$ cat work-v6.csv   # CSV, C-alpha atoms and all ligand atoms
chain,number,residue,atom,x,y,z
A,1335,MET,CA,-2.8,-4.3,7.4
A,1336,GLY,CA,-2.6,-0.8,8.9
A,1337,ALA,CA,-4.8,0.5,11.6
A,1338,GLY,CA,-7.6,2.8,10.9
A,1339,PRO,CA,-11.0,2.6,9.4
A,1340,ARG,CA,-11.7,0.4,6.5
A,1341,ARG,CA,-14.5,0.4,4.0
A,1342,GLY,CA,-17.4,-1.8,4.6
A,1343,ALA,CA,-17.5,-5.4,3.7
A,1344,GLY,CA,-19.2,-4.7,0.4
A,1345,VAL,CA,-17.1,-5.7,-2.6
A,1346,THR,CA,-17.5,-2.3,-4.2
A,1347,GLY,CA,-16.4,-0.6,-1.0
A,1348,GLY,CA,-13.1,-2.2,-0.7
A,1349,LEU,CA,-12.1,-2.8,-4.3
A,1350,VAL,CA,-9.6,0.1,-4.5
A,1351,SER,CA,-8.6,0.0,-0.8
A,1352,ALA,CA,-4.8,-0.6,-0.5
A,1353,HIS,CA,-5.4,-2.8,2.6
A,1354,ALA,CA,-5.7,-6.6,2.4
A,1355,ASP,CA,-7.7,-9.0,4.6
A,1356,ASP,CA,-6.6,-12.5,5.3
A,1357,ALA,CA,-8.4,-14.0,2.3
A,1358,GLU,CA,-6.8,-11.5,0.1
A,1359,ARG,CA,-3.4,-12.3,1.4
A,1360,ASP,CA,-4.0,-15.9,0.4
A,1361,ALA,CA,-5.0,-14.8,-3.1
A,1362,GLU,CA,-1.9,-12.6,-3.3
A,1363,ALA,CA,0.5,-15.4,-2.3
A,1364,SER,CA,0.6,-17.0,-5.7
A,1365,VAL,CA,1.6,-13.8,-7.6
A,1366,ARG,CA,4.1,-12.5,-5.1
A,1367,PRO,CA,7.5,-12.1,-6.7
A,1368,ARG,CA,10.0,-14.4,-5.0
A,1369,ARG,CA,13.3,-12.9,-6.1
A,1370,LEU,CA,14.7,-9.4,-6.5
A,1371,ALA,CA,14.9,-9.9,-10.3
A,1372,GLU,CA,11.1,-10.5,-10.4
A,1373,PHE,CA,10.3,-7.5,-8.3
A,1374,VAL,CA,8.9,-4.8,-10.7
A,1375,GLY,CA,9.7,-1.1,-10.4
A,1376,GLN,CA,11.4,0.7,-7.4
A,1377,PRO,CA,14.7,0.6,-9.3
A,1378,ARG,CA,16.7,2.5,-6.7
A,1379,VAL,CA,15.6,0.4,-3.8
A,1380,ARG,CA,16.1,-2.7,-5.8
A,1381,GLU,CA,19.7,-1.8,-6.7
A,1382,GLN,CA,20.6,-0.7,-3.2
A,1383,LEU,CA,19.2,-3.9,-1.7
A,1384,GLU,CA,21.0,-6.0,-4.3
A,1385,LEU,CA,24.3,-4.4,-3.2
A,1386,LEU,CA,23.5,-4.8,0.5
A,1387,LEU,CA,22.5,-8.4,0.1
A,1388,HIS,CA,25.3,-9.5,-2.2
A,1389,GLY,CA,27.8,-7.7,0.1
A,1390,ALA,CA,26.5,-9.6,3.1
A,1391,LEU,CA,26.6,-12.9,1.2
A,1392,ARG,CA,30.2,-12.3,0.2
A,1393,ARG,CA,31.2,-11.6,3.8
A,1394,GLY,CA,29.1,-14.4,5.1
A,1395,ALA,CA,27.5,-12.2,7.7
A,1396,PRO,CA,24.0,-10.9,8.1
A,1397,PRO,CA,23.4,-7.5,6.4
A,1398,ASP,CA,22.4,-4.3,8.3
A,1399,HIS,CA,18.9,-4.1,9.6
A,1400,ILE,CA,16.4,-2.9,6.9
A,1401,LEU,CA,13.6,-0.4,7.3
A,1402,LEU,CA,11.0,-0.2,4.5
A,1403,SER,CA,8.5,2.6,4.6
A,1404,GLY,CA,5.6,3.3,2.2
A,1405,SER,CA,1.9,3.1,1.7
A,1406,PRO,CA,0.1,-0.3,2.1
A,1407,GLY,CA,0.3,-2.6,-0.9
A,1408,LEU,CA,3.5,-1.3,-2.4
A,1409,GLY,CA,5.6,-4.4,-1.7
A,1410,LYS,CA,7.1,-4.2,1.8
A,1411,THR,CA,6.1,-7.7,2.9
A,1412,THR,CA,7.1,-9.0,-0.5
A,1413,LEU,CA,10.6,-7.4,-0.2
A,1414,SER,CA,11.1,-8.9,3.3
A,1415,MET,CA,10.4,-12.4,1.8
A,1416,ILE,CA,12.8,-11.6,-1.0
A,1417,VAL,CA,15.5,-10.6,1.4
A,1418,ALA,CA,15.2,-13.9,3.2
A,1419,ALA,CA,15.1,-15.8,-0.2
A,1420,GLU,CA,18.2,-14.0,-1.6
A,1421,LEU,CA,20.1,-14.6,1.6
A,1422,GLY,CA,19.0,-18.3,1.7
A,1423,ALA,CA,17.8,-17.5,5.3
A,1424,GLY,CA,14.8,-18.5,7.3
A,1425,LEU,CA,12.0,-16.0,7.8
A,1426,ARG,CA,9.8,-15.1,10.8
A,1427,ILE,CA,6.9,-12.8,10.3
A,1428,THR,CA,5.2,-10.8,13.0
A,1429,SER,CA,3.7,-7.3,13.4
A,1430,GLY,CA,3.9,-4.5,15.9
A,1431,PRO,CA,0.4,-4.8,17.1
A,1432,ALA,CA,0.9,-8.5,17.8
A,1433,ILE,CA,3.8,-7.8,20.1
A,1434,GLU,CA,2.0,-6.6,23.2
A,1435,ARG,CA,4.5,-7.4,25.9
A,1436,SER,CA,8.3,-7.5,25.8
A,1437,GLY,CA,8.1,-11.2,26.6
A,1438,ASP,CA,6.3,-11.8,23.3
A,1439,LEU,CA,9.2,-10.3,21.5
A,1440,ALA,CA,11.9,-12.1,23.6
A,1441,ALA,CA,10.3,-15.4,22.7
A,1442,VAL,CA,10.4,-14.6,19.0
A,1443,LEU,CA,14.0,-13.3,19.2
A,1444,THR,CA,15.4,-16.2,21.2
A,1445,SER,CA,13.9,-18.7,18.8
A,1446,LEU,CA,15.6,-17.3,15.7
A,1447,GLY,CA,18.3,-19.3,14.0
A,1448,THR,CA,21.6,-17.9,12.9
A,1449,GLY,CA,21.1,-15.5,10.0
A,1450,ASP,CA,17.3,-15.6,10.1
A,1451,VAL,CA,15.3,-12.7,8.8
A,1452,LEU,CA,12.7,-11.3,11.2
A,1453,PHE,CA,10.0,-9.2,9.6
A,1454,ILE,CA,8.0,-6.9,11.8
A,1455,ASP,CA,5.2,-5.2,9.9
A,1456,GLU,CA,3.7,-1.9,11.3
A,1457,ILE,CA,6.8,-1.7,13.5
A,1458,HIS,CA,5.8,1.8,14.7
A,1459,ARG,CA,2.8,0.2,16.6
A,1460,MET,CA,5.0,-2.0,18.8
A,1461,ALA,CA,4.6,-1.5,22.6
A,1462,LYS,CA,7.3,0.7,24.1
A,1463,PRO,CA,8.9,-1.9,26.5
A,1464,ALA,CA,9.1,-4.3,23.5
A,1465,GLU,CA,10.7,-1.6,21.4
A,1466,GLU,CA,13.4,-1.1,24.0
A,1467,LEU,CA,14.1,-4.8,24.2
A,1468,LEU,CA,14.5,-4.8,20.4
A,1469,TYR,CA,17.2,-2.1,20.6
A,1470,SER,CA,19.7,-4.3,22.4
A,1471,ALA,CA,18.8,-7.3,20.2
A,1472,MET,CA,19.4,-5.2,17.1
A,1473,GLU,CA,22.7,-3.8,18.4
A,1474,ASP,CA,24.3,-6.5,20.5
A,1475,PHE,CA,22.3,-9.6,19.7
A,1476,ARG,CA,21.3,-10.0,23.3
A,1477,VAL,CA,18.2,-9.2,25.4
A,1478,ASP,CA,17.7,-8.8,29.1
A,1479,VAL,CA,14.5,-10.5,30.1
A,1480,VAL,CA,13.3,-9.2,33.5
A,1481,VAL,CA,11.8,-11.8,35.7
A,1482,GLY,CA,9.7,-10.9,38.8
A,1483,LYS,CA,8.5,-7.5,39.9
A,1484,GLY,CA,9.7,-4.8,42.3
A,1485,PRO,CA,12.9,-5.1,44.3
A,1486,GLY,CA,13.2,-8.8,43.7
A,1487,ALA,CA,13.1,-8.4,39.9
A,1488,THR,CA,16.2,-9.8,38.1
A,1489,ALA,CA,17.3,-9.3,34.6
A,1490,ILE,CA,18.4,-12.5,32.9
A,1491,PRO,CA,20.6,-11.8,29.8
A,1492,LEU,CA,19.9,-14.1,26.9
A,1493,ASP,CA,21.8,-14.4,23.7
A,1494,VAL,CA,20.1,-13.9,20.3
A,1495,GLU,CA,21.6,-15.4,17.2
A,1496,PRO,CA,22.8,-12.8,14.6
A,1497,PHE,CA,19.7,-12.0,12.6
A,1498,THR,CA,18.4,-9.3,10.2
A,1499,LEU,CA,15.5,-7.3,11.1
A,1500,VAL,CA,13.3,-6.1,8.3
A,1501,GLY,CA,10.9,-3.5,9.7
A,1502,ALA,CA,8.0,-2.1,7.7
A,1503,THR,CA,6.0,1.0,8.4
A,1504,THR,CA,3.3,2.9,6.6
A,1505,ARG,CA,4.0,5.9,9.0
A,1506,ALA,CA,7.7,6.5,9.0
A,1507,GLY,CA,7.1,9.7,10.9
A,1508,LEU,CA,5.7,7.8,13.9
A,1509,LEU,CA,8.9,5.9,14.3
A,1510,THR,CA,11.0,6.9,17.3
A,1511,GLY,CA,14.4,8.4,16.7
A,1512,PRO,CA,16.3,5.6,18.5
A,1513,MET,CA,14.4,3.0,16.6
A,1514,ARG,CA,15.1,4.6,13.2
A,1515,ASP,CA,18.8,5.0,14.1
A,1516,ARG,CA,19.3,1.3,14.5
A,1517,PHE,CA,18.5,0.5,10.9
A,1518,GLY,CA,21.6,0.6,8.7
A,1519,PHE,CA,19.5,0.6,5.5
A,1520,VAL,CA,16.3,2.7,5.1
A,1521,ALA,CA,14.3,2.7,2.0
A,1522,HIS,CA,11.1,4.4,1.0
A,1523,LEU,CA,8.8,2.7,-1.5
A,1524,GLU,CA,7.1,5.1,-4.0
A,1525,PHE,CA,3.8,4.7,-5.8
A,1526,TYR,CA,4.2,2.8,-9.1
A,1527,GLU,CA,4.1,4.4,-12.6
A,1528,PRO,CA,1.3,3.0,-14.8
A,1529,ALA,CA,3.9,1.3,-17.1
A,1530,GLU,CA,5.3,-0.5,-14.0
A,1531,LEU,CA,1.8,-1.6,-13.0
A,1532,GLU,CA,1.2,-2.9,-16.5
A,1533,ARG,CA,4.3,-5.1,-16.0
A,1534,VAL,CA,2.9,-6.3,-12.7
A,1535,LEU,CA,-0.4,-7.1,-14.4
A,1536,ALA,CA,1.3,-9.0,-17.3
A,1537,ARG,CA,3.3,-11.0,-14.8
A,1538,SER,CA,0.3,-11.8,-12.5
A,1539,ALA,CA,-1.9,-12.7,-15.5
A,1540,ARG,CA,0.8,-15.2,-16.7
A,1541,ILE,CA,0.9,-16.8,-13.3
A,1542,LEU,CA,-2.9,-17.0,-13.0
A,1543,GLY,CA,-3.2,-18.3,-16.5
A,1544,VAL,CA,-5.3,-15.4,-17.7
A,1545,GLU,CA,-4.9,-13.9,-21.1
A,1546,ILE,CA,-4.5,-10.1,-20.9
A,1547,THR,CA,-4.0,-7.7,-23.8
A,1548,PRO,CA,-1.7,-4.7,-23.6
A,1549,ASP,CA,-4.7,-2.3,-23.7
A,1550,GLY,CA,-6.4,-4.3,-21.1
A,1551,ALA,CA,-3.4,-3.9,-18.8
A,1552,VAL,CA,-3.3,-0.1,-19.6
A,1553,GLU,CA,-6.9,0.2,-18.6
A,1554,ILE,CA,-6.5,-1.6,-15.3
A,1555,ALA,CA,-3.1,0.0,-14.4
A,1556,GLY,CA,-4.6,3.5,-14.8
A,1557,ARG,CA,-7.3,2.7,-12.2
A,1558,SER,CA,-5.0,1.1,-9.7
A,1559,ARG,CA,-3.8,4.1,-7.7
A,1560,GLY,CA,-0.2,3.4,-8.2
A,1561,THR,CA,-0.5,0.3,-6.1
A,1562,PRO,CA,0.3,-3.3,-7.1
A,1563,ARG,CA,-2.1,-4.8,-4.6
A,1564,ILE,CA,-5.0,-2.9,-6.2
A,1565,ALA,CA,-3.8,-3.8,-9.7
A,1566,ASN,CA,-3.8,-7.5,-8.8
A,1567,ARG,CA,-7.2,-7.2,-7.2
A,1568,LEU,CA,-8.8,-5.4,-10.1
A,1569,LEU,CA,-7.2,-8.0,-12.4
A,1570,ARG,CA,-9.0,-10.8,-10.5
A,1571,ARG,CA,-12.3,-9.0,-10.7
A,1572,VAL,CA,-11.9,-8.3,-14.4
A,1573,ARG,CA,-10.9,-11.9,-15.0
A,1574,ASP,CA,-14.2,-13.0,-13.4
A,1575,PHE,CA,-16.1,-10.7,-15.6
A,1576,ALA,CA,-14.3,-11.8,-18.7
A,1577,GLU,CA,-14.9,-15.4,-17.9
A,1578,ILE,CA,-18.6,-15.1,-17.2
A,1579,ARG,CA,-19.6,-12.4,-19.7
A,1580,GLY,CA,-17.0,-12.7,-22.4
A,1581,GLU,CA,-14.4,-15.0,-23.9
A,1582,GLY,CA,-12.2,-15.0,-20.9
A,1583,VAL,CA,-9.7,-12.5,-22.3
A,1584,VAL,CA,-8.9,-9.4,-20.2
A,1585,ASP,CA,-8.9,-6.7,-22.9
A,1586,ARG,CA,-9.8,-3.1,-22.8
A,1587,ALA,CA,-13.5,-3.6,-23.3
A,1588,ALA,CA,-13.7,-6.2,-20.6
A,1589,ALA,CA,-11.8,-4.1,-18.2
A,1590,ARG,CA,-14.0,-1.0,-18.8
A,1591,ALA,CA,-17.2,-3.0,-18.6
A,1592,ALA,CA,-16.1,-4.8,-15.4
A,1593,LEU,CA,-14.9,-1.8,-13.6
A,1594,ARG,CA,-18.1,0.0,-14.4
A,1595,VAL,CA,-19.9,-2.8,-12.7
A,1596,TYR,CA,-17.6,-2.4,-9.7
A,1597,ASP,CA,-17.9,1.3,-9.7
A,1598,VAL,CA,-14.3,2.1,-10.2
A,1599,ASP,CA,-13.8,5.0,-12.4
A,1600,GLU,CA,-11.0,6.0,-14.8
A,1601,LEU,CA,-8.8,7.5,-12.1
A,1602,GLY,CA,-9.5,4.6,-9.7
A,1603,LEU,CA,-12.0,6.5,-7.6
A,1604,ASP,CA,-14.8,4.4,-6.1
A,1605,ARG,CA,-18.3,5.4,-5.2
A,1606,LEU,CA,-17.4,6.9,-1.8
A,1607,ASP,CA,-14.5,8.9,-3.2
A,1608,ARG,CA,-16.8,10.3,-5.8
A,1609,ALA,CA,-19.5,11.0,-3.2
A,1610,VAL,CA,-17.0,13.0,-1.2
A,1611,LEU,CA,-15.8,15.0,-4.2
A,1612,GLY,CA,-19.4,15.3,-5.5
A,1613,ALA,CA,-20.7,16.7,-2.1
A,1614,LEU,CA,-17.8,19.1,-2.0
A,1615,VAL,CA,-18.6,20.5,-5.4
A,1616,GLU,CA,-22.4,20.2,-5.5
A,1617,SER,CA,-23.4,21.0,-2.0
A,1618,PHE,CA,-20.6,23.3,-0.9
A,1619,GLY,CA,-19.7,25.1,-4.1
A,1620,GLY,CA,-16.3,23.5,-4.0
A,1621,GLY,CA,-15.5,24.5,-0.4
A,1622,PRO,CA,-13.8,25.3,1.8
A,1623,VAL,CA,-15.8,23.1,4.1
A,1624,GLY,CA,-14.9,21.4,7.4
A,1625,LEU,CA,-14.2,17.7,7.5
A,1626,SER,CA,-17.1,16.8,9.8
A,1627,THR,CA,-19.6,18.7,7.7
A,1628,LEU,CA,-18.3,16.9,4.6
A,1629,ALA,CA,-18.5,13.6,6.4
A,1630,VAL,CA,-22.1,14.2,7.4
A,1631,ALA,CA,-23.0,15.1,3.8
A,1632,VAL,CA,-21.9,11.6,2.6
A,1633,GLY,CA,-23.1,9.8,5.7
A,1634,GLU,CA,-19.7,8.6,6.8
A,1635,GLN,CA,-17.5,9.0,9.9
A,1636,PRO,CA,-15.0,11.9,9.6
A,1637,ASP,CA,-12.1,9.6,10.1
A,1638,THR,CA,-13.3,7.3,7.3
A,1639,VAL,CA,-13.4,10.3,5.0
A,1640,GLU,CA,-10.0,11.6,6.2
A,1641,GLU,CA,-8.1,8.4,6.2
A,1642,VAL,CA,-9.8,6.3,3.5
A,1643,CYS,CA,-10.9,8.8,0.9
A,1644,GLU,CA,-8.8,11.9,1.2
A,1645,PRO,CA,-5.3,10.6,0.8
A,1646,PHE,CA,-5.9,9.5,-2.7
A,1647,LEU,CA,-8.1,12.4,-3.6
A,1648,VAL,CA,-5.3,14.7,-2.5
A,1649,ARG,CA,-2.6,12.6,-4.3
A,1650,ALA,CA,-4.7,12.7,-7.4
A,1651,GLY,CA,-4.9,16.5,-7.2
A,1652,LEU,CA,-8.7,16.5,-6.9
A,1653,LEU,CA,-9.0,17.8,-3.4
A,1654,ALA,CA,-6.9,20.0,-1.2
A,1655,ARG,CA,-6.7,20.4,2.5
A,1656,THR,CA,-6.4,24.0,3.5
A,1657,PRO,CA,-6.5,25.7,6.9
A,1658,ARG,CA,-10.0,26.8,6.2
A,1659,GLY,CA,-11.3,23.4,5.2
A,1660,ARG,CA,-11.4,21.0,2.2
A,1661,VAL,CA,-11.6,22.5,-1.3
A,1662,ALA,CA,-12.1,20.9,-4.6
A,1663,THR,CA,-9.3,21.7,-7.1
A,1664,ALA,CA,-10.0,22.6,-10.7
A,1665,ALA,CA,-9.1,19.1,-11.6
A,1666,GLY,CA,-11.7,17.9,-9.1
A,1667,TRP,CA,-14.4,19.9,-10.7
A,1668,ARG,CA,-13.4,18.7,-14.1
A,1669,HIS,CA,-13.3,15.1,-13.0
A,1670,LEU,CA,-17.0,15.4,-12.2
A,1671,GLY,CA,-17.6,17.0,-15.6
A,1672,ARG,CA,-18.1,20.4,-14.2
A,1673,THR,CA,-16.4,23.7,-15.2
A,1674,PRO,CA,-14.4,25.0,-12.3
A,1675,PRO,CA,-15.3,28.5,-11.1
A,1676,PRO,CA,-13.1,31.1,-12.8
A,1677,THR,CA,-11.8,32.3,-9.4
A,1678,LEU,CA,-10.3,28.9,-8.7
A,1679,PHE,CA,-6.5,28.8,-9.1
A,1680,GLY,CA,-5.6,26.6,-12.1
A,1681,ALA,CA,-9.0,26.8,-13.6
A,1682,PRO,CA,-9.0,27.2,-17.4
A,1683,PRO,CA,-11.1,29.9,-19.2
A,1684,PRO,CA,-14.8,29.1,-18.9
A,1685,SER,CA,-16.1,26.7,-21.6
A,1686,ALA,CA,-19.2,24.8,-22.1
A,1687,ASP,CA,-19.8,22.1,-19.5
A,1688,ARG,CA,-18.7,18.7,-20.6
A,1689,GLN,CA,-20.7,15.6,-19.9
A,1690,PRO,CA,-19.0,13.5,-17.3
A,1691,ASP,CA,-17.3,10.4,-18.6
A,1692,LEU,CA,-16.2,9.0,-15.3
A,1693,PHE,CA,-15.9,5.4,-16.5
A,1694,GLY,CA,-14.3,6.2,-19.9
A,1695,ASP,CA,-16.9,4.3,-21.8
A,1696,ALA,CA,-18.4,7.1,-23.7
A,1697,PRO,CA,-18.0,6.7,-27.5
A,1698,GLN,CA,-14.4,7.5,-28.5
A,1699,PRO,CA,-13.9,10.1,-31.2
A,1700,PRO,CA,-12.6,8.5,-34.3
A,1701,SER,CA,-8.8,8.5,-34.3
A,1702,ALA,CA,-7.2,10.7,-36.9
B,1,LIG,P1,2.8,-4.3,1.7
B,1,LIG,O1,3.5,-5.2,2.6
B,1,LIG,O2,3.6,-3.1,1.3
B,1,LIG,O3,1.4,-3.9,2.1
B,1,LIG,P2,2.8,-6.5,-0.2
B,1,LIG,O4,4.3,-6.8,-0.2
B,1,LIG,O5,2.0,-7.4,0.6
B,1,LIG,O6,2.5,-5.0,0.3
B,1,LIG,O7,2.3,-6.5,-1.7
B,1,LIG,C1,0.9,-6.6,-2.0
B,1,LIG,C2,0.8,-7.4,-3.3
B,1,LIG,O8,1.3,-6.6,-4.4
B,1,LIG,C3,1.5,-8.7,-3.3
B,1,LIG,O9,0.6,-9.7,-3.6
B,1,LIG,C4,2.5,-8.6,-4.4
B,1,LIG,O10,2.4,-9.7,-5.2
B,1,LIG,C5,2.2,-7.4,-5.1
B,1,LIG,N1,3.4,-6.6,-5.4
B,1,LIG,C6,3.9,-5.6,-4.5
B,1,LIG,N2,4.9,-5.1,-5.1
B,1,LIG,C7,5.2,-5.7,-6.2
B,1,LIG,C8,6.2,-5.6,-7.2
B,1,LIG,N3,7.2,-4.6,-7.1
B,1,LIG,N4,6.2,-6.4,-8.3
B,1,LIG,C9,5.2,-7.3,-8.4
B,1,LIG,N5,4.2,-7.5,-7.5
B,1,LIG,C10,4.2,-6.7,-6.4
$ encode --input "work-v6.csv" --output "structure tokens"
Amino acid sequence: MGAGPRRGAGVTGGLVSAHADDAERDAEASVRPRRLAEFVGQPRVREQLELLLHGALRRGAPPDHILLSGSPGLGKTTLSMIVAAELGAGLRITSGPAIERSGDLAAVLTSLGTGDVLFIDEIHRMAKPAEELLYSAMEDFRVDVVVGKGPGATAIPLDVEPFTLVGATTRAGLLTGPMRDRFGFVAHLEFYEPAELERVLARSARILGVEITPDGAVEIAGRSRGTPRIANRLLRRVRDFAEIRGEGVVDRAAARAALRVYDVDELGLDRLDRAVLGALVESFGGGPVGLSTLAVAVGEQPDTVEEVCEPFLVRAGLLARTPRGRVATAAGWRHLGRTPPPTLFGAPPPSADRQPDLFGDAPQPPSA
């Protein structure tokens, strides 16, 4: 949903992207948790929200406005729907980029019913005049709509029913101070642990009527980049594979074979991620190398490399951004099956080069 470059339309390109297009949003709808109790992980946020919502229900008044920040695909939209469901309230969904003029926002605000929840995704991308209109709506439940221009312009005050704003942002740092201050409840969603993603997968599989084994869930969860959206997407692809090439069961073997077909390796890197890391190690001796040079080497735009590939490579500890350029970490070298140079911080003592096993489907040593 966020701005910025996306991978090409090819299936392989977008399989581990945290963004969703409209078709994907439809596919996601069926597996979306509807109540707080079904929402997996994020224990702190869940507990805090539960207190906030139950407190509001007891008092019979809308809760404080809620700001949710976190990377795409971690559950912000889902939580906004849950807030409305738990409050038994109506829900309106819009997004910052969709609100171009303050009039657009005024129309939405004045059409809200008492106690409704208004979800604004990518709230940091809202136009400035609209943002200012939102301040008074959030604080005083009223907006001044300016009619006309120049000296003849008049402000018409309009009442807004008490409502709860749920704002979501992938870039909390871009939110203005006055905006942030008007949220009484601010929560940051973290990436999910593999065990939590296994629970997400088990739940989604149950809803989709797919049989998944525990080791199948482990295999998919490990490649999902800590993101439920990616876990659910990989599950759908592995299910297709299992139905067409196997018995329809999503087990470890099916997951490994399917994700090899789709070029998603053991850590959840796709072809472009590996190309970037590979160029860094093979062509530039591990770096440091400038972003644009690296981008040319993989035939991509610099901002695609920077915004699509690098965040996860950095988070996975495979690549580092330094003032002198991008460098491959010791783990980055090892992920490609290469021995890191001894000068590299964190590199182990030199040993024989291993063969890369990026997809984890090399024969396993017999277990003891
Ligand atoms: P965001 O708005 O942060 O981009 P969404 O709320 O749209 O993310 O979540 C993306 C998908 O991931 C949804 O289909 C939802 O089913 C799933 N999902 C997200 N968080 C959870 C969770 N905690 N438990 C189960 N499924 C989740």
$ residues_near_ligand --input "work-v6.csv" --ligand "ligand LIG 1 (chain B)" --cutoff "9 Å" --atoms "all atoms listed in the file" --output "PyMOL selection string"
chain A and resi 1335-1336+1352-1354+1358-1368+1370+1372-1376+1402-1415+1455+1502-1504+1523+1526+1530-1531+1533-1535+1537-1538+1561-1567
$ residues_near_point --input "work-v6.csv" --point "(-17.7, 26.9, -10.5)" --cutoff "10 Å" --atoms "only C-alpha atoms" --output "ChimeraX atom specification"
/A:1615-1616,1619-1620,1664,1667-1668,1672-1678,1681,1684
$ closest_residue --input "work-v6.csv" --among "A:Leu1349, A:Leu1614, A:Leu1439, A:Val1451" --to "Glu1644 of chain A" --atoms "all atoms listed in the file"
A:Leu1614
$ closest_residue --input "work-v6.csv" --among "A:Ala1390, A:Ala1587, A:Leu1401, A:Ala1423" --to "Ala1506 of chain A" --atoms "all atoms listed in the file"
A:Leu1401
$ atom_distance --input "work-v6.csv" --atom1 "atom CA of Gly1624 of chain A" --atom2 "atom CA of Ser1351 of chain A"
23.8 Å
$ atom_distance --input "work-v6.csv" --atom1 "atom CA of Val1494 of chain A" --atom2 "atom CA of Val1477 of chain A"
7.2 Å
$ atom_distance --input "work-v6.csv" --atom1 "atom CA of Val1623 of chain A" --atom2 "atom CA of Ala1662 of chain A"
9.7 Å
